[in-house]
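So this block is query_3.txt, compact mmCIF, C-alpha atoms and all ligand atoms:
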# COMPACT_ATOMS: atom_id res chain seq x y z
CA MET A 24 99.34 63.34 40.15
CA SER A 25 101.83 60.51 40.74
CA HIS A 26 102.05 57.60 38.33
CA ARG A 27 103.76 54.24 38.46
CA PRO A 28 107.27 54.65 36.96
CA GLU A 29 108.47 52.27 34.24
CA TYR A 30 111.54 51.06 36.10
CA LEU A 31 109.47 49.39 38.86
CA PRO A 32 109.64 45.60 38.29
CA GLU A 33 106.28 43.80 38.02
CA ASP A 34 107.19 40.29 39.21
CA GLY A 35 106.67 39.13 42.78
CA SER A 36 110.38 38.77 43.56
CA GLY A 37 112.07 40.22 46.63
CA GLN A 38 113.72 42.87 44.51
CA ALA A 39 110.33 44.08 43.31
CA SER A 40 108.94 44.46 46.82
CA VAL A 41 112.04 46.39 47.95
CA ALA A 42 111.74 48.70 44.93
CA ARG A 43 108.03 49.24 45.60
CA GLU A 44 108.62 49.98 49.27
CA GLY A 45 111.30 52.55 48.39
CA TYR A 46 109.02 54.16 45.82
CA GLU A 47 106.13 54.40 48.29
CA ASN A 48 108.41 55.91 50.96
CA ARG A 49 109.59 58.56 48.51
CA GLN A 50 106.00 59.33 47.54
CA LEU A 51 105.08 59.87 51.20
CA LYS A 52 107.85 62.45 51.55
CA THR A 53 106.75 64.55 48.57
CA ASN A 54 104.45 67.47 49.25
CA ASP A 55 102.56 70.07 47.22
CA ILE A 56 105.33 72.70 47.31
CA GLN A 57 107.87 70.14 46.11
CA LEU A 58 105.62 69.01 43.26
CA LYS A 59 104.92 72.59 42.23
CA LEU A 60 108.64 73.40 42.14
CA ARG A 61 109.42 70.21 40.25
CA ASN A 62 106.73 70.94 37.66
CA ALA A 63 108.00 74.51 37.23
CA ILE A 64 111.54 73.20 36.60
CA GLN A 65 110.50 70.35 34.31
CA SER A 66 108.29 72.61 32.17
CA ASP A 67 111.25 74.94 31.52
CA GLU A 68 113.36 73.75 28.59
CA GLN A 69 116.68 75.09 29.93
CA LYS A 70 116.23 73.84 33.50
CA LYS A 71 114.81 70.43 32.60
CA VAL A 72 116.34 67.27 34.06
CA ASN A 73 116.11 64.19 31.79
CA LYS A 74 115.73 60.56 32.85
CA HIS A 75 119.51 60.03 32.86
CA ASN A 76 119.69 62.79 35.50
CA GLU A 77 121.38 65.17 33.05
CA SER A 78 120.83 68.90 33.34
CA VAL A 79 122.71 72.17 32.93
CA CYS A 80 125.40 72.62 35.59
CA TYR A 81 125.27 76.05 37.26
CA GLY A 82 129.03 75.99 37.86
CA CYS A 83 130.37 75.47 34.33
CA MET A 84 127.14 75.77 32.26
CA ARG A 85 127.69 72.40 30.56
CA ARG A 86 125.05 69.73 30.20
CA ASP A 87 126.12 66.68 32.20
CA TYR A 88 125.12 64.31 34.99
CA ALA A 89 124.21 66.71 37.80
CA LEU A 90 122.94 66.77 41.37
CA SER A 91 120.98 69.68 42.79
CA SER A 92 121.64 71.21 46.19
CA ILE A 93 121.65 74.51 48.09
CA PHE A 94 124.57 76.93 47.74
CA TYR A 95 125.44 80.54 48.51
CA CYS A 96 125.98 82.70 45.44
CA CYS A 97 127.01 86.36 45.30
CA GLN A 98 125.67 89.10 43.06
CA ASP A 99 128.61 89.02 40.60
CA CYS A 100 128.60 85.23 40.20
CA MET A 101 124.86 85.24 39.57
CA LYS A 102 125.22 88.04 37.01
CA LYS A 103 127.87 86.01 35.16
CA ARG A 104 125.72 82.87 35.03
CA GLY A 105 122.28 84.36 34.48
CA THR A 106 119.05 82.74 35.62
CA GLU A 107 118.53 80.11 32.90
CA ALA A 108 119.96 77.20 34.90
CA LEU A 109 118.93 78.60 38.31
CA TYR A 110 116.13 76.61 39.94
CA LYS A 111 115.08 78.78 42.83
CA ILE A 112 116.26 81.58 45.13
CA VAL A 113 115.74 80.31 48.66
CA TYR A 114 116.92 83.14 50.90
CA HIS A 115 118.44 86.61 50.74
CA LYS A 116 121.18 86.68 53.36
CA PRO A 117 121.06 89.84 55.53
CA SER A 118 124.57 89.35 56.97
CA GLU A 119 128.08 88.67 55.66
CA GLU A 120 128.47 85.38 53.82
CA ILE A 121 131.12 83.63 51.78
CA CYS A 122 130.22 82.93 48.14
CA ASP A 123 130.55 79.22 47.30
CA PHE A 124 131.41 80.00 43.67
CA CYS A 125 134.14 82.69 43.92
CA GLY A 126 135.13 82.08 47.57
CA LYS A 127 135.06 85.76 48.59
CA TRP A 128 133.39 87.17 51.69
CA GLN A 129 130.57 89.48 50.64
CA LYS A 130 128.75 92.34 52.34
CA PRO A 131 125.29 91.91 53.89
CA TYR A 132 122.47 91.57 51.31
CA ASP A 133 124.97 90.69 48.53
CA VAL A 134 124.56 86.91 48.79
CA TRP A 135 121.61 84.67 47.97
CA GLN A 136 121.01 81.09 48.96
CA ILE A 137 120.11 79.29 45.75
CA ASN A 138 118.98 75.87 44.61
CA CYS A 139 120.85 74.69 41.52
CA ALA A 140 122.40 71.58 39.96
CA LEU A 141 126.15 70.97 39.72
CA CYS A 142 128.06 68.38 37.67
CA THR A 143 130.44 65.85 39.24
CA LYS A 144 133.49 68.01 38.54
CA CYS A 145 131.98 71.17 40.06
CA ASN A 146 130.62 69.19 43.04
CA GLY A 147 134.19 67.96 43.67
CA LYS A 148 135.48 71.53 43.54
CA MET A 149 132.75 72.58 45.99
CA LEU A 150 133.69 69.76 48.37
CA GLU A 151 137.33 70.88 48.35
CA PHE A 152 136.31 74.52 48.86
CA HIS A 153 134.15 73.64 51.88
CA ARG A 154 136.97 71.52 53.34
CA ASN A 155 139.39 74.44 53.05
CA TYR A 156 136.76 76.77 54.52
CA ARG A 157 136.39 74.55 57.60
CA GLU A 158 140.17 74.22 57.96
CA ASN A 159 140.55 78.01 57.87
CA GLY A 160 138.16 78.40 60.80
CA GLY A 161 134.77 78.39 59.04
CA LYS A 162 132.62 81.29 60.24
CA LYS A 163 135.59 82.70 62.18
CA SER A 164 137.32 83.60 58.90
CA ASN A 165 134.72 86.35 58.43
CA PRO A 166 136.82 89.58 58.06
CA PHE A 167 134.25 91.69 59.91
CA THR A 168 134.15 89.51 63.04
CA LYS A 169 137.94 89.11 62.84
CA LYS A 170 138.32 92.89 62.97
CA MET A 171 135.87 93.21 65.85
CA ARG A 172 137.60 90.43 67.81
CA ARG A 173 140.95 92.13 67.33
CA LYS A 174 139.54 95.45 68.52
CA TYR A 175 137.26 94.43 71.43
CA GLY A 176 138.36 90.87 72.32
CA LYS A 177 136.68 87.55 71.68
CA ASP A 178 133.51 88.41 73.66
CA TYR A 179 132.83 91.53 71.60
CA SER A 180 129.23 90.59 70.85
CA MET A 181 128.47 90.25 74.57
CA LEU A 182 130.17 93.56 75.33
CA LEU A 183 128.42 95.47 72.58
CA LYS A 184 124.95 94.07 73.20
CA GLN A 185 122.43 96.43 74.72
CA PRO A 186 121.10 94.67 77.85
CA ALA A 187 118.01 96.84 78.12
CA ARG A 188 116.74 95.47 74.84
CA THR A 189 117.02 91.84 75.88
CA ILE A 190 115.18 92.08 79.23
CA ASN A 191 111.60 90.77 79.34
CA LEU A 192 111.38 90.05 75.67
ZN ZN A 201 129.98 71.89 36.19
ZN ZN A 202 130.74 84.87 43.99
Can the structure from this file be put into structure tokens for me?
Ligand SMILES: [Zn+2]
Ligand SMILES: [Zn+2]
Amino acid sequence: MSHRPEYLPEDGSGQASVAREGYENRQLKTNDIQLKLRNAIQSDEQKKVNKHNESVCYGCMRRDYALSSIFYCCQDCMKKRGTEALYKIVYHKPSEEICDFCGKWQKPYDVWQINCALCTKCNGKMLEFHRNYRENGGKKSNPFTKKMRRKYGKDYSMLLKQPARTINL
């Protein structure tokens, strides 16, 4: 499956041994699921990443230097962007979640956790968005929990829990 990449230097210098060690370490971390996913992405013309690490950015749909990661995306944002540049849907969130692309809190089952690539510009925007999110209280900025806290106090989840269901489970 794996082959020796071209960029690995052949000579017996220190640099070569460091490069080889790094390559071998990376190979040890890869598994079958990862290889399967990578092959699926590389065989698709629109998702493909070239050797300069350029692929289609899921934020602005332009082809540029991009890094892939995991983000939350709502129904509307996914509809706008389509599935051409989307690598994989990881998880369907059953509770409220904030969409990383439009920054709005969405209802349960309206947000998916996705794996996609973003360009440098969009990654910068994402960084700023997450910083603002943390500054505004992170999870506590959820409008549903805010409403519940206002109505029943800060220990609302403890008050509303049904004790009989949590005994001997
Ligand atoms: Zn972008
Ligand atoms: Zn959205």
Would you compute the box with edges along x, y and z of the file around region 161-177 of chain A, including every atom the file lists for it and 4 Å extra on each side, and give its centre and edge lengths in Å to one decimal, as JSON?
{"center_x": 136.8, "center_y": 86.9, "center_z": 65.2, "size_x": 16.3, "size_y": 25.1, "size_z": 22.3}
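With distances restricted to all atoms listed in the file, A:Phe124 is the closest residue to Cys100 (chain A) from A:Tyr156, A:Tyr88, A:Phe124, A:Phe167.
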Could you give me, as CSV, a per-residue list for chain A showing, wherever an atom lies at most 6 Å from an atom of ligand ZN 201 (chain A), the closest pair of atoms and their distance in Å to one decimal, using all atoms listed in the file and sorting by chain then residue number from low to high?
residue,atom,partner,partner_atom,distance
A:Cys80,CA,A:ZN201,ZN,4.7
A:Gly82,CA,A:ZN201,ZN,4.5
A:Cys83,CA,A:ZN201,ZN,4.1
A:Leu141,CA,A:ZN201,ZN,5.3
A:Cys142,CA,A:ZN201,ZN,4.3
A:Lys144,CA,A:ZN201,ZN,5.7
A:Cys145,CA,A:ZN201,ZN,4.4
Dump of C-alpha atoms for the selected residues, as a tab-separated table (two decimals), keeping the file's coordinate frame:
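Output saved as part_38.tsv:
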chain	number	residue	atom	x	y	z
A	80	CYS	CA	125.40	72.62	35.59
A	82	GLY	CA	129.03	75.99	37.86
A	83	CYS	CA	130.37	75.47	34.33
A	141	LEU	CA	126.15	70.97	39.72
A	142	CYS	CA	128.06	68.38	37.67
A	144	LYS	CA	133.49	68.01	38.54
A	145	CYS	CA	131.98	71.17	40.06
For ligand ZN 202 (chain A), collect every residue having any atom at a distance of at most 6 Å from a ligand atom (counting all atoms listed in the file); output as a ChimeraX atom specification.
-> /A:96-97,99-100,122,124-125
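Reported to one decimal place, the separation of CA of Arg154 (chain A) from CA of Ser118 (chain A) is 22.0 Å.
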So, counting all atoms listed in the file, which residue among A:His115, A:Arg61, A:Lys71, A:Lys148 is closest to Val134 (chain A)?
->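 Of the candidates, the smallest distance to Val134 (chain A) is held by A:His115.
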Provide region 66-187 of chain A of the preceding structure as a file containing C-alpha atoms, as a compact mmCIF listing (two decimals), in the first residue's frame.
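Final output, saved to part_17.txt:
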# COMPACT_ATOMS: atom_id res chain seq x y z
CA SER A 66 -10.05 9.38 -6.38
CA ASP A 67 -12.66 12.17 -6.51
CA GLU A 68 -11.67 14.92 -8.93
CA GLN A 69 -13.36 17.76 -7.03
CA LYS A 70 -12.10 16.75 -3.57
CA LYS A 71 -8.56 15.87 -4.62
CA VAL A 72 -5.58 17.39 -2.81
CA ASN A 73 -2.47 17.91 -4.98
CA LYS A 74 1.17 17.68 -3.90
CA HIS A 75 1.31 21.43 -3.15
CA ASN A 76 -1.49 20.82 -0.60
CA GLU A 77 -3.99 22.71 -2.75
CA SER A 78 -7.65 21.75 -2.69
CA VAL A 79 -11.09 23.34 -2.83
CA CYS A 80 -11.84 25.41 0.29
CA TYR A 81 -15.26 24.62 1.80
CA GLY A 82 -15.59 28.18 3.12
CA CYS A 83 -15.17 30.23 -0.08
CA MET A 84 -15.12 27.44 -2.73
CA ARG A 85 -11.80 28.65 -4.20
CA ARG A 86 -8.87 26.40 -4.98
CA ASP A 87 -5.97 27.35 -2.72
CA TYR A 88 -3.54 26.07 -0.10
CA ALA A 89 -5.87 24.39 2.41
CA LEU A 90 -5.83 22.45 5.66
CA SER A 91 -8.54 19.97 6.58
CA SER A 92 -10.16 19.81 10.00
CA ILE A 93 -13.47 19.13 11.77
CA PHE A 94 -16.17 21.80 11.92
CA TYR A 95 -19.86 22.15 12.73
CA CYS A 96 -22.03 23.07 9.75
CA CYS A 97 -25.78 23.74 9.70
CA GLN A 98 -28.34 22.60 7.16
CA ASP A 99 -28.54 25.96 5.33
CA CYS A 100 -24.76 26.40 5.05
CA MET A 101 -24.38 22.87 3.70
CA LYS A 102 -27.18 23.44 1.18
CA LYS A 103 -25.41 26.59 -0.06
CA ARG A 104 -22.07 24.82 -0.51
CA GLY A 105 -23.19 21.43 -1.75
CA THR A 106 -21.26 18.22 -1.22
CA GLU A 107 -18.56 18.50 -3.91
CA ALA A 108 -15.83 19.78 -1.58
CA LEU A 109 -17.16 17.98 1.52
CA TYR A 110 -14.91 15.12 2.64
CA LYS A 111 -17.00 13.32 5.21
CA ILE A 112 -19.92 13.75 7.61
CA VAL A 113 -18.65 12.68 11.01
CA TYR A 114 -21.60 13.12 13.35
CA HIS A 115 -25.21 14.29 13.37
CA LYS A 116 -25.58 16.44 16.48
CA PRO A 117 -28.75 15.59 18.48
CA SER A 118 -28.62 18.78 20.59
CA GLU A 119 -28.29 22.54 20.00
CA GLU A 120 -25.05 23.59 18.37
CA ILE A 121 -23.55 26.75 16.93
CA CYS A 122 -22.73 26.65 13.22
CA ASP A 123 -19.06 27.50 12.57
CA PHE A 124 -19.88 28.97 9.15
CA CYS A 125 -22.84 31.32 9.84
CA GLY A 126 -22.37 31.64 13.63
CA LYS A 127 -26.03 31.01 14.51
CA TRP A 128 -27.30 28.64 17.18
CA GLN A 129 -29.30 25.86 15.53
CA LYS A 130 -31.98 23.48 16.77
CA PRO A 131 -31.22 19.83 17.63
CA TYR A 132 -30.56 17.62 14.56
CA ASP A 133 -29.91 20.69 12.35
CA VAL A 134 -26.11 20.61 12.64
CA TRP A 135 -23.58 18.11 11.33
CA GLN A 136 -19.97 17.68 12.30
CA ILE A 137 -18.05 17.61 9.03
CA ASN A 138 -14.52 17.06 7.79
CA CYS A 139 -13.50 19.61 5.16
CA ALA A 140 -10.55 21.73 4.02
CA LEU A 141 -10.32 25.50 4.53
CA CYS A 142 -7.92 28.02 2.97
CA THR A 143 -5.66 30.28 5.05
CA LYS A 144 -8.11 33.18 4.89
CA CYS A 145 -11.12 31.09 5.99
CA ASN A 146 -9.04 29.39 8.71
CA GLY A 147 -8.18 32.86 10.05
CA LYS A 148 -11.87 33.79 10.07
CA MET A 149 -12.66 30.55 11.91
CA LEU A 150 -9.98 31.28 14.51
CA GLU A 151 -11.47 34.72 15.16
CA PHE A 152 -14.99 33.27 15.36
CA HIS A 153 -13.92 30.67 17.93
CA ARG A 154 -12.11 33.33 19.97
CA ASN A 155 -15.27 35.47 20.06
CA TYR A 156 -17.33 32.39 20.92
CA ARG A 157 -15.12 31.64 23.94
CA GLU A 158 -15.18 35.29 25.03
CA ASN A 159 -18.98 35.31 24.90
CA GLY A 160 -19.16 32.37 27.30
CA GLY A 161 -18.79 29.41 24.92
CA LYS A 162 -21.46 26.79 25.60
CA LYS A 163 -23.19 29.17 28.03
CA SER A 164 -24.22 31.41 25.12
CA ASN A 165 -26.70 28.69 24.07
CA PRO A 166 -30.11 30.50 24.02
CA PHE A 167 -31.97 27.42 25.27
CA THR A 168 -29.82 26.93 28.39
CA LYS A 169 -29.81 30.70 28.93
CA LYS A 170 -33.61 30.68 29.02
CA MET A 171 -33.71 27.69 31.37
CA ARG A 172 -31.14 29.27 33.70
CA ARG A 173 -33.17 32.47 33.83
CA LYS A 174 -36.35 30.53 34.62
CA TYR A 175 -35.12 27.84 37.07
CA GLY A 176 -31.71 29.09 38.27
CA LYS A 177 -28.22 27.90 37.41
CA ASP A 178 -28.78 24.34 38.71
CA TYR A 179 -31.79 23.77 36.47
CA SER A 180 -30.48 20.50 35.06
CA MET A 181 -30.10 19.06 38.57
CA LEU A 182 -33.58 20.24 39.55
CA LEU A 183 -35.27 18.90 36.46
CA LYS A 184 -33.53 15.53 36.44
CA GLN A 185 -35.64 12.53 37.36
CA PRO A 186 -33.79 10.80 40.23
CA ALA A 187 -35.63 7.51 39.84
